[in-house]
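Visitor: This is the structure, below, for whatever I ask next.
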Amino acid sequence: MASLKHKNTKRIEGLDKNVWVAFTSVAADPSIVNLGQGFPDIPPPSYVKEGLAQAAMVDRLNQYTRGFGHPTLVKALSKVYGKVYDRQLDPFKEILVTVGGYGSLFSAMQALVEEGDEVIIIEPFFDCYVPMVKMAGAKPVFIPLRLKSPATTSINSADWVLDLEELASKFNSKTKAIIINTPNNPIGKIFSRSELQAIADLCIKHDTLCFSDEVYEWLIYKGHEHVKIATLPGMWDRTITIGSAGKTFSVTGWKLGWSIGPEHLIKHLQTVMQNSLYTCPTPLQEAVGQGLLRDYELMGQPDCYFSSLALELEGKRDRMAAMLRQIGMTPVVPEGGYFMIVDVTALNQDLSHMGDEEPYDYKFVKWMIKEKKLAAIPVTAFVGEDSVKQFEKYIRLCFIKQDSTLDAAEAILKSWNKS
Amino acid sequence: MCDVFNSWGSKQSRKPAAVKLLENFMWRRTAVIGPLLSNRLAVAGFHEKGIMSRKLHARRIEGIDKNIWVEFTQLAADYKAVNLGQGFPDFPPPSFIQEAFCKALNGGFHMHQYTRAFGHPNLVKILAKFFSRIVGREIDPMEDILVSVGAYQALFCTFQALIDEGDEVIIVEPFFDCYQPMVKMAGGTAIYVPLKPREGCGPALSSADWVLSPEELASKFSPCTKAIVINTPNNPLGKVYQQEELQVIADLCIKHDVICISDEVYEWLTYDGTKHVKIASLPGMWERTVTIGSAGKTFSATGWKVGWAMGSGHILKHLKTVHQNSVYHCATAAQEAVAVGFQREYDLFGTEDSYFLQLPLHLHEKRLRLADCLKSVGLKPILPQGGYFMIADISKLNINLTDPSTKDELYDYRFVKWLIKEKGLATIPVSAFYSPEHREEFQKYIRFCFVKEDSTLQAAEDILRQWSESK
């Protein structure tokens with residue numbers, strides 16, 4: 001008999017469901033072309049892999065390192081980001097190494113957010129923000145990006161904007177933080193300086209924190225600039241900026257990320273870290289540190305991986321957009337990141353046989369996996385209930401895939417109307 | 001009243017900072033539910049100098065910011081001390097596991113990308129196979145196991161998943177220090193019960209002589225008790241709970257419908273033929289036990305941070321919910337390497353080539369050697385039946401501890417700091433493993449880690465011998 005005492009705690013009530021659990025096992029079937037979950041099927045740069053092999057050979061690098069971040073890594077981070085932020089970063093007090101960008105989000109939430117707080121989340125959002133806010137006992141408050149009517153038929157992520165009055169209306173005295181994600185997953189929007197300034201003004205006015213998820217910060221396409229909200233006046237002291245080795249070096253399976261911010265905030269994230277998992281794996285941190293130092297020397301040059309990866313992906317981005325347009329879909333060309341959302345309305349796919357229980361995009365993706373052997377992710381997984389209608393004709397595709405994967409996707413799309 | 005001032009404040013956005021400094025005077029109600037409602041004075045104009053006006057940190061991290069490891073590892077490093085303090089080997093992991101790691105990281109792109117969130121398939125399958133044989137039941141790799149970032153994160157998931165505000169958690173003292181802040185962070189109340197030297201047996205020279213009083217233990221259970229945490233082999237004492245002792249605990253768990261959290265990270269390190277018994281294998285216990293394990297301790301690779309929680313799916317599913325909302329995945333390549341390691345050990349189990357037999361054999365001698373050395377310099381070691389550590393009674397030493405910076409601390413803290421600074425030898429004060437209420441009673445013990453190269457143990461011996469001779 002299952003004991004009543006063995007049920008889950010209140011903090012995780014209702015947080016067991018997850019879009020990935022539903023879709024990743026389905027897409028694990030090798031006959032399916034997987035443009036769903038966001039990870040590269042291209043290899044990481046060889047020097048990063050070699051760095052790991054070398055680190056594993058050093059005896060002491062197989063044992064515990066400093067809890068808040070391996071010295072080689074935090075020092076490399078302070079160098080790289082010191083340059084980016086144009087400020088001296090204390091590697092020991094202003095940086096925390098975590099288990100992926102995910103771990104940084106969790107640490108920030110657990111350290112700084114609690115019952116009675118509200119946290120503003122911009123839709124569409126990386127899906128974990130909501131359960132993390134709820135687990136911290138706080139209330140998520142949503143505001144959608146809205147498609148302003150485009151001048152031409154070609155849509156890009158910059159056409160999705162915040163209504164600033166609407167944004168201002170979401171702030172109140174309970175607002176503890178706003179989460180921004182730039183470049184954004186899934187749309188690929190890069191928040192412009194003026195948009196960030198508007199958000200910053202509100203943060204300052206309402207004395208709110210900003211959690212800035214910038215894991216895709218290096219994947220910026222031509223003609224666009226990534227701006228760090230923490231560099232705007234008045235923002236350093238109230239912002240936690242999150243980065244990811246997984247996304248930076250195409251090693252999502254290493255699960256290393258970092259939080260950068262002022263000591264008076266980072267120290268609280270460190271408290272969470274020391275009471276949750278204490279330290280991250282040593283050899284992986286050493287390898288990421290060495291990789292960052294190598295690319296630090298090359299920053300601004302074409303063979304710096306931070307820029308060369310973006311160049312490589314831009315071609316894939318454009319190819320994917322073209323493939324989708326060919327069959328009548330309207331892709332939203334992203335300014336950054338490695339996802340593209342696409343409006344499937346023009347395909348006129350009748351899914352009434354699949355019932356009314358789920359939003360259209362969930363049904364479409366399931367149908368597409370089954371009938372077309374192509375996997376994507378439904379965009380309403382990234383929005384709150386009230387915005388489902390606005391986004392249910394969109395699906396998300398990941399394009400950080402090798403050419404053979406994209407070739408296979410193209411073949412499926414080309415023969416779309418033939419079956 | 002608050003709203004009047006808030007609306008006054010809201011027109012401030014476009015004014016220069018200096019003006020805001022003069023004009024802004026906002027009372028803000030921090031959103032706190034409970035008996036304490038604090039109204040705080042905020043001067044918003046200080047934003048340029050970065051003082052956020054409202055209370056920043058969440059209450060859940062109140063009082064858990066201090067940490068003994070941060071303090072003492074820094075001290076040991078600063079004084080370049082011979083380090084018998086923190087518990088990790090200073091010898092390498094076995095070559096077969098290092099090779100497995102190299103092979104994994106050269107094993108194709110998928111070794112560097114996300115794997116299954118609750119545990120890499122190869123790893124959970126071999127863990128299930130391996131432990132099914134030991135526990136004596138069919139363990140489901142997908143339902144009954146969660147892989148975590150070290151045993152530490154498995155403990156965290158367990159407390160977060162199962163302990164609510166108001167729940168009581170019984171902790172056996174001395175305890176690995178993280179249990180207390182984790183219980184606190186989950187809103188639980190820790191109830192302590194001490195291991196004590198058995199009465200009437202003379203000087204308690206072995207960890208086996210430290211026992212729980214069944215009556216005292218029973219008295220700690222209440223309708224609010226959600227869980228009890230045991231650690232066997234125990235850190236720092238080295239006690240290995242015998243079957244009868246676990247049965248007493250099991251009976252109480254069943255009677256009071258309590259969950260048992262069994263931290264067994266040192267499960268392979270038992271000496272003198274002592275058997276490690278899994279409480280989850282006792283009747284009625286599988287369905288109410290979460291057993292915690294560690295690849296770091298198992299394969300002498302603490303820096304890999306691969307651990308696991310194992311137990312009945314109906315409890316593990318809650319740990320998975322915490323995991324998927326906190327870190328989600330663990331590193332892939334390390335999990336693959338640990339899987340290969342466990343497959344090898346499965347095949348060699350019980351044979352002399354098994355690392356699980358070789359490591360305790362290797363450490364057995366070091367343990368005796370350290371104990372002899374400590375005795376010879378007037379310390380009274382308690383010989384551990386298992387684990388990485390040995391505690392020693394320092395009460396017979398008469399050291400004049402005059403360092404003013406430590407004068408308000410407990411004796412063992414002061415002694416350990418003195419030993420690091422004056423003698424260059426690092427250990428850990430045992431009162432750190434006791435509750436605030438019992439700390440003073442146990443301030444005459446220090447903890448040594450003997451999982452070290454012979455050269456390290458030699459260096460420690462030299463220091464102790466020199467010190468003893470100079471007295």
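Identifiers in this document derive from the order of the structure tokens: chains are assigned A, B, ..., residues are numbered from 1 separately in each chain, and ligands are numbered from 1 in order of occurrence.
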If you run DSSP on this backbone, which residues of segment 287-363 of chain B come out as strand (DSSP E or B), and could you give them as an MDAnalysis selection string?

Guide: chainID B and resid 289:294 307:311

Visitor: Set the distance at 9 Å and use only C-alpha atoms: which residues neighbour segment 240-248 of chain B once local chain neighbours fewer than 3 positions away are removed? I'd like the list as a PyMOL selection string.

Guide: chain B and resi 207-208+211-212+214+231-234+251-253+270+274-279+282+384-387

Visitor: Could you pull out all residues of segment 55-162 of chain A with a DSSP call of alpha helix (DSSP H) and give them as a VMD selection string?

Guide: chain A and resid 55 to 57 71 to 85 100 to 112 129 to 135

Visitor: Next, write the just-selected residues to a file, as a PDB file, in the first residue's frame, keeping C-alpha atoms as the atom set.

Guide:
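Printed below is result.pdb as written:
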ATOM      1  CA  ALA A  55      42.823  16.713 -18.056  1.00  0.00           C
ATOM      2  CA  ALA A  56      41.675  13.157 -17.297  1.00  0.00           C
ATOM      3  CA  MET A  57      45.311  12.041 -17.312  1.00  0.00           C
ATOM      4  CA  PRO A  71      40.268  27.904 -10.523  1.00  0.00           C
ATOM      5  CA  THR A  72      41.436  27.389 -14.141  1.00  0.00           C
ATOM      6  CA  LEU A  73      37.874  27.800 -15.322  1.00  0.00           C
ATOM      7  CA  VAL A  74      36.781  30.783 -13.247  1.00  0.00           C
ATOM      8  CA  LYS A  75      39.976  32.620 -14.097  1.00  0.00           C
ATOM      9  CA  ALA A  76      39.441  31.932 -17.815  1.00  0.00           C
ATOM     10  CA  LEU A  77      35.821  33.090 -17.508  1.00  0.00           C
ATOM     11  CA  SER A  78      36.893  36.278 -15.796  1.00  0.00           C
ATOM     12  CA  LYS A  79      39.330  36.939 -18.628  1.00  0.00           C
ATOM     13  CA  VAL A  80      36.889  36.273 -21.456  1.00  0.00           C
ATOM     14  CA  TYR A  81      33.971  38.062 -19.886  1.00  0.00           C
ATOM     15  CA  GLY A  82      36.152  40.792 -18.453  1.00  0.00           C
ATOM     16  CA  LYS A  83      36.852  41.688 -22.044  1.00  0.00           C
ATOM     17  CA  VAL A  84      33.222  41.355 -23.115  1.00  0.00           C
ATOM     18  CA  TYR A  85      31.850  43.373 -20.184  1.00  0.00           C
ATOM     19  CA  GLY A 100      24.788  23.803 -17.209  1.00  0.00           C
ATOM     20  CA  GLY A 101      22.902  27.013 -17.764  1.00  0.00           C
ATOM     21  CA  TYR A 102      20.032  25.053 -16.206  1.00  0.00           C
ATOM     22  CA  GLY A 103      21.889  24.777 -12.912  1.00  0.00           C
ATOM     23  CA  SER A 104      22.536  28.527 -12.907  1.00  0.00           C
ATOM     24  CA  LEU A 105      18.861  29.269 -13.416  1.00  0.00           C
ATOM     25  CA  PHE A 106      18.008  26.929 -10.555  1.00  0.00           C
ATOM     26  CA  SER A 107      20.613  28.414  -8.223  1.00  0.00           C
ATOM     27  CA  ALA A 108      19.451  31.949  -8.970  1.00  0.00           C
ATOM     28  CA  MET A 109      15.820  31.038  -8.423  1.00  0.00           C
ATOM     29  CA  GLN A 110      16.400  29.140  -5.182  1.00  0.00           C
ATOM     30  CA  ALA A 111      18.733  31.838  -3.863  1.00  0.00           C
ATOM     31  CA  LEU A 112      16.675  34.890  -4.650  1.00  0.00           C
ATOM     32  CA  TYR A 129      11.575  28.864 -16.261  1.00  0.00           C
ATOM     33  CA  VAL A 130       8.000  28.247 -15.167  1.00  0.00           C
ATOM     34  CA  PRO A 131       8.511  25.098 -13.063  1.00  0.00           C
ATOM     35  CA  MET A 132      11.588  26.675 -11.491  1.00  0.00           C
ATOM     36  CA  VAL A 133       9.632  29.792 -10.509  1.00  0.00           C
ATOM     37  CA  LYS A 134       6.868  27.597  -9.108  1.00  0.00           C
ATOM     38  CA  MET A 135       9.273  25.362  -7.231  1.00  0.00           C
TER      39      MET A 135
END

Visitor: I need the contact residues of chain A against chain B, so if you could list those with any atom within 6 Å, counting only C-alpha atoms, and return them as an mmCIF file with all heavy atoms, in the first residue's frame, that would help.

Guide:
data_model
loop_
_atom_site.group_PDB
_atom_site.id
_atom_site.type_symbol
_atom_site.label_atom_id
_atom_site.label_comp_id
_atom_site.auth_asym_id
_atom_site.auth_seq_id
_atom_site.Cartn_x
_atom_site.Cartn_y
_atom_site.Cartn_z
ATOM 1 N N ASN A 8 4.780 13.351 -2.812
ATOM 2 C CA ASN A 8 5.730 14.428 -3.084
ATOM 3 C C ASN A 8 5.476 15.654 -2.199
ATOM 4 O O ASN A 8 4.384 15.875 -1.716
ATOM 5 C CB ASN A 8 5.604 14.860 -4.543
ATOM 6 C CG ASN A 8 4.183 15.235 -4.904
ATOM 7 O OD1 ASN A 8 3.336 14.354 -5.085
ATOM 8 N ND2 ASN A 8 3.875 16.522 -4.962
ATOM 9 N N THR A 9 6.523 16.430 -2.057
ATOM 10 C CA THR A 9 6.404 17.674 -1.299
ATOM 11 C C THR A 9 5.613 18.702 -2.095
ATOM 12 O O THR A 9 5.479 18.600 -3.310
ATOM 13 C CB THR A 9 7.794 18.262 -1.011
ATOM 14 O OG1 THR A 9 8.541 18.250 -2.242
ATOM 15 C CG2 THR A 9 8.528 17.455 0.022
ATOM 16 N N ASP A 16 5.829 17.547 -12.481
ATOM 17 C CA ASP A 16 6.429 16.335 -13.004
ATOM 18 C C ASP A 16 6.347 16.210 -14.527
ATOM 19 O O ASP A 16 7.155 15.548 -15.139
ATOM 20 C CB ASP A 16 5.821 15.107 -12.326
ATOM 21 C CG ASP A 16 4.294 15.160 -12.305
ATOM 22 O OD1 ASP A 16 3.730 16.263 -12.137
ATOM 23 O OD2 ASP A 16 3.664 14.107 -12.463
ATOM 24 N N PRO A 43 30.305 17.343 -34.305
ATOM 25 C CA PRO A 43 31.227 17.134 -33.189
ATOM 26 C C PRO A 43 31.721 18.448 -32.584
ATOM 27 O O PRO A 43 31.753 19.475 -33.274
ATOM 28 C CB PRO A 43 32.385 16.356 -33.815
ATOM 29 C CG PRO A 43 32.330 16.646 -35.264
ATOM 30 C CD PRO A 43 30.922 16.983 -35.608
ATOM 31 N N ASP A 59 46.292 13.179 -12.298
ATOM 32 C CA ASP A 59 45.686 12.550 -11.118
ATOM 33 C C ASP A 59 44.766 13.466 -10.328
ATOM 34 O O ASP A 59 43.606 13.150 -10.081
ATOM 35 C CB ASP A 59 46.767 12.026 -10.174
ATOM 36 C CG ASP A 59 47.488 10.824 -10.753
ATOM 37 O OD1 ASP A 59 47.031 10.296 -11.783
ATOM 38 O OD2 ASP A 59 48.512 10.420 -10.170
ATOM 39 N N ASN A 62 41.145 14.337 -11.195
ATOM 40 C CA ASN A 62 40.071 13.361 -11.062
ATOM 41 C C ASN A 62 39.432 13.432 -9.677
ATOM 42 O O ASN A 62 38.552 12.640 -9.350
ATOM 43 C CB ASN A 62 40.596 11.943 -11.325
ATOM 44 C CG ASN A 62 40.832 11.690 -12.796
ATOM 45 O OD1 ASN A 62 39.882 11.577 -13.560
ATOM 46 N ND2 ASN A 62 42.084 11.647 -13.207
ATOM 47 N N GLN A 63 39.903 14.392 -8.869
ATOM 48 C CA GLN A 63 39.360 14.551 -7.515
ATOM 49 C C GLN A 63 38.669 15.905 -7.390
ATOM 50 O O GLN A 63 38.747 16.744 -8.285
ATOM 51 C CB GLN A 63 40.466 14.390 -6.467
ATOM 52 C CG GLN A 63 41.311 13.127 -6.600
ATOM 53 C CD GLN A 63 40.505 11.822 -6.595
ATOM 54 O OE1 GLN A 63 39.401 11.759 -6.043
ATOM 55 N NE2 GLN A 63 41.061 10.786 -7.200
ATOM 56 N N TYR A 64 37.982 16.093 -6.261
ATOM 57 C CA TYR A 64 37.235 17.327 -6.010
ATOM 58 C C TYR A 64 38.049 18.581 -6.302
ATOM 59 O O TYR A 64 39.228 18.645 -6.000
ATOM 60 C CB TYR A 64 36.840 17.429 -4.540
ATOM 61 C CG TYR A 64 35.850 16.413 -4.040
ATOM 62 C CD1 TYR A 64 36.110 15.693 -2.878
ATOM 63 C CD2 TYR A 64 34.646 16.184 -4.689
ATOM 64 C CE1 TYR A 64 35.197 14.778 -2.380
ATOM 65 C CE2 TYR A 64 33.726 15.265 -4.197
ATOM 66 C CZ TYR A 64 34.013 14.562 -3.044
ATOM 67 O OH TYR A 64 33.119 13.654 -2.556
ATOM 68 N N TYR A 102 21.164 25.523 -17.008
ATOM 69 C CA TYR A 102 20.032 25.053 -16.206
ATOM 70 C C TYR A 102 20.328 25.192 -14.720
ATOM 71 O O TYR A 102 19.524 25.727 -13.945
ATOM 72 C CB TYR A 102 19.819 23.569 -16.531
ATOM 73 C CG TYR A 102 18.392 23.102 -16.630
ATOM 74 C CD1 TYR A 102 17.754 23.025 -17.868
ATOM 75 C CD2 TYR A 102 17.681 22.682 -15.510
ATOM 76 C CE1 TYR A 102 16.456 22.550 -17.990
ATOM 77 C CE2 TYR A 102 16.385 22.209 -15.623
ATOM 78 C CZ TYR A 102 15.772 22.137 -16.862
ATOM 79 O OH TYR A 102 14.492 21.670 -16.974
ATOM 80 N N GLY A 103 21.493 24.712 -14.314
ATOM 81 C CA GLY A 103 21.889 24.777 -12.912
ATOM 82 C C GLY A 103 22.015 26.207 -12.412
ATOM 83 O O GLY A 103 21.736 26.496 -11.253
ATOM 84 N N PHE A 106 18.523 27.506 -11.797
ATOM 85 C CA PHE A 106 18.008 26.929 -10.555
ATOM 86 C C PHE A 106 18.623 27.610 -9.339
ATOM 87 O O PHE A 106 17.926 27.969 -8.387
ATOM 88 C CB PHE A 106 18.280 25.425 -10.517
ATOM 89 C CG PHE A 106 17.764 24.752 -9.282
ATOM 90 C CD1 PHE A 106 16.402 24.546 -9.126
ATOM 91 C CD2 PHE A 106 18.620 24.328 -8.273
ATOM 92 C CE1 PHE A 106 15.902 23.920 -7.975
ATOM 93 C CE2 PHE A 106 18.129 23.713 -7.127
ATOM 94 C CZ PHE A 106 16.769 23.508 -6.977
ATOM 95 N N ALA A 111 18.028 30.875 -4.720
ATOM 96 C CA ALA A 111 18.733 31.838 -3.863
ATOM 97 C C ALA A 111 17.935 33.111 -3.637
ATOM 98 O O ALA A 111 18.015 33.726 -2.575
ATOM 99 C CB ALA A 111 20.076 32.204 -4.497
ATOM 100 N N LEU A 112 17.199 33.526 -4.655
ATOM 101 C CA LEU A 112 16.675 34.890 -4.650
ATOM 102 C C LEU A 112 15.163 35.016 -4.788
ATOM 103 O O LEU A 112 14.629 36.125 -4.679
ATOM 104 C CB LEU A 112 17.344 35.682 -5.788
ATOM 105 C CG LEU A 112 18.884 35.735 -5.723
ATOM 106 C CD1 LEU A 112 19.453 36.295 -7.027
ATOM 107 C CD2 LEU A 112 19.346 36.578 -4.538
ATOM 108 N N VAL A 113 14.472 33.913 -5.035
ATOM 109 C CA VAL A 113 13.037 34.001 -5.271
ATOM 110 C C VAL A 113 12.293 33.133 -4.267
ATOM 111 O O VAL A 113 12.734 32.027 -3.947
ATOM 112 C CB VAL A 113 12.716 33.525 -6.714
ATOM 113 C CG1 VAL A 113 11.205 33.464 -6.949
ATOM 114 C CG2 VAL A 113 13.359 34.462 -7.724
ATOM 115 N N GLU A 114 11.174 33.645 -3.734
ATOM 116 C CA GLU A 114 10.426 32.836 -2.776
ATOM 117 C C GLU A 114 8.945 33.145 -2.818
ATOM 118 O O GLU A 114 8.489 33.959 -3.620
ATOM 119 C CB GLU A 114 10.986 33.044 -1.371
ATOM 120 C CG GLU A 114 10.902 34.472 -0.878
ATOM 121 C CD GLU A 114 11.587 34.645 0.474
ATOM 122 O OE1 GLU A 114 11.908 33.641 1.128
ATOM 123 O OE2 GLU A 114 11.785 35.799 0.868
ATOM 124 N N GLY A 116 5.432 34.539 -2.438
ATOM 125 C CA GLY A 116 5.032 35.946 -2.356
ATOM 126 C C GLY A 116 5.639 36.782 -3.459
ATOM 127 O O GLY A 116 5.169 37.877 -3.757
ATOM 128 N N LYS A 205 13.351 51.115 -11.797
ATOM 129 C CA LYS A 205 12.206 51.799 -11.202
ATOM 130 C C LYS A 205 11.547 50.944 -10.116
ATOM 131 O O LYS A 205 11.188 51.430 -9.053
ATOM 132 C CB LYS A 205 11.208 52.108 -12.307
ATOM 133 C CG LYS A 205 9.906 52.707 -11.828
ATOM 134 C CD LYS A 205 9.081 53.094 -13.043
ATOM 135 C CE LYS A 205 7.629 53.302 -12.660
ATOM 136 N NZ LYS A 205 6.840 53.737 -13.814
ATOM 137 N N GLY A 234 23.281 51.004 -14.147
ATOM 138 C CA GLY A 234 22.389 50.608 -13.054
ATOM 139 C C GLY A 234 22.030 49.137 -13.046
ATOM 140 O O GLY A 234 21.307 48.668 -12.169
ATOM 141 N N ASP A 237 24.494 45.651 -10.814
ATOM 142 C CA ASP A 237 24.230 45.249 -9.433
ATOM 143 C C ASP A 237 22.929 44.513 -9.220
ATOM 144 O O ASP A 237 22.655 44.057 -8.108
ATOM 145 C CB ASP A 237 24.274 46.489 -8.541
ATOM 146 C CG ASP A 237 25.677 47.032 -8.437
ATOM 147 O OD1 ASP A 237 26.532 46.328 -7.884
ATOM 148 O OD2 ASP A 237 25.924 48.129 -8.968
ATOM 149 N N VAL A 251 29.072 21.159 -26.639
ATOM 150 C CA VAL A 251 29.236 19.997 -25.761
ATOM 151 C C VAL A 251 28.125 19.992 -24.723
ATOM 152 O O VAL A 251 28.370 20.056 -23.518
ATOM 153 C CB VAL A 251 30.622 19.961 -25.076
ATOM 154 C CG1 VAL A 251 31.714 19.572 -26.036
ATOM 155 C CG2 VAL A 251 30.952 21.296 -24.408
ATOM 156 N N THR A 252 26.884 19.914 -25.187
ATOM 157 C CA THR A 252 25.752 19.989 -24.259
ATOM 158 C C THR A 252 25.837 18.894 -23.199
ATOM 159 O O THR A 252 25.368 19.070 -22.077
ATOM 160 C CB THR A 252 24.401 19.859 -24.993
ATOM 161 O OG1 THR A 252 24.341 18.590 -25.644
ATOM 162 C CG2 THR A 252 24.218 20.975 -26.011
ATOM 163 N N GLY A 253 26.476 17.766 -23.547
ATOM 164 C CA GLY A 253 26.578 16.639 -22.612
ATOM 165 C C GLY A 253 27.627 16.821 -21.533
ATOM 166 O O GLY A 253 27.825 15.932 -20.714
ATOM 167 N N TRP A 254 28.290 17.974 -21.498
ATOM 168 C CA TRP A 254 29.241 18.247 -20.431
ATOM 169 C C TRP A 254 28.536 18.924 -19.259
ATOM 170 O O TRP A 254 29.012 18.899 -18.143
ATOM 171 C CB TRP A 254 30.375 19.136 -20.926
ATOM 172 C CG TRP A 254 31.332 18.458 -21.848
ATOM 173 C CD1 TRP A 254 31.097 17.386 -22.661
ATOM 174 C CD2 TRP A 254 32.705 18.811 -22.051
ATOM 175 N NE1 TRP A 254 32.233 17.049 -23.372
ATOM 176 C CE2 TRP A 254 33.235 17.911 -23.014
ATOM 177 C CE3 TRP A 254 33.538 19.789 -21.526
ATOM 178 C CZ2 TRP A 254 34.549 17.975 -23.462
ATOM 179 C CZ3 TRP A 254 34.855 19.852 -21.954
ATOM 180 C CH2 TRP A 254 35.350 18.961 -22.915
ATOM 181 N N LYS A 255 27.398 19.557 -19.553
ATOM 182 C CA LYS A 255 26.599 20.177 -18.494
ATOM 183 C C LYS A 255 27.447 21.064 -17.577
ATOM 184 O O LYS A 255 27.565 20.816 -16.368
ATOM 185 C CB LYS A 255 25.868 19.096 -17.674
ATOM 186 C CG LYS A 255 24.734 18.437 -18.416
ATOM 187 C CD LYS A 255 23.559 19.377 -18.702
ATOM 188 C CE LYS A 255 22.877 19.821 -17.409
ATOM 189 N NZ LYS A 255 21.611 20.547 -17.693
ATOM 190 N N THR A 271 25.671 29.864 -1.940
ATOM 191 C CA THR A 271 25.080 29.158 -0.795
ATOM 192 C C THR A 271 24.190 28.012 -1.284
ATOM 193 O O THR A 271 24.220 26.916 -0.727
ATOM 194 C CB THR A 271 24.257 30.124 0.081
ATOM 195 O OG1 THR A 271 25.116 31.129 0.594
ATOM 196 C CG2 THR A 271 23.593 29.392 1.237
ATOM 197 N N SER A 276 23.507 22.036 -2.430
ATOM 198 C CA SER A 276 22.761 21.207 -3.376
ATOM 199 C C SER A 276 23.643 20.182 -4.073
ATOM 200 O O SER A 276 23.345 18.993 -4.038
ATOM 201 C CB SER A 276 22.009 22.065 -4.385
ATOM 202 O OG SER A 276 22.905 22.898 -5.096
ATOM 203 N N LEU A 277 24.705 20.614 -4.718
ATOM 204 C CA LEU A 277 25.590 19.596 -5.266
ATOM 205 C C LEU A 277 27.056 19.827 -4.983
ATOM 206 O O LEU A 277 27.902 19.000 -5.258
ATOM 207 C CB LEU A 277 25.330 19.382 -6.763
ATOM 208 C CG LEU A 277 25.337 20.584 -7.668
ATOM 209 C CD1 LEU A 277 26.626 20.656 -8.439
ATOM 210 C CD2 LEU A 277 24.213 20.447 -8.688
ATOM 211 N N PRO A 281 32.027 18.627 -11.915
ATOM 212 C CA PRO A 281 33.126 17.732 -12.261
ATOM 213 C C PRO A 281 34.405 18.486 -12.639
ATOM 214 O O PRO A 281 34.374 19.464 -13.385
ATOM 215 C CB PRO A 281 32.603 16.948 -13.469
ATOM 216 C CG PRO A 281 31.124 17.039 -13.377
ATOM 217 C CD PRO A 281 30.835 18.368 -12.756
ATOM 218 N N THR A 282 35.529 17.976 -12.137
ATOM 219 C CA THR A 282 36.816 18.655 -12.310
ATOM 220 C C THR A 282 37.397 18.592 -13.719
ATOM 221 O O THR A 282 37.733 19.640 -14.290
ATOM 222 C CB THR A 282 37.851 18.114 -11.298
ATOM 223 O OG1 THR A 282 37.237 18.004 -10.023
ATOM 224 C CG2 THR A 282 39.050 19.036 -11.201
#

Visitor: List the spatial neighbours of Asp159 of chain A as a ChimeraX atom specification - criterion: any atom at most 10 Å away, only C-alpha atoms, same-chain residues fewer than 6 positions off excluded.

Guide: /A:145-151,189,332-334
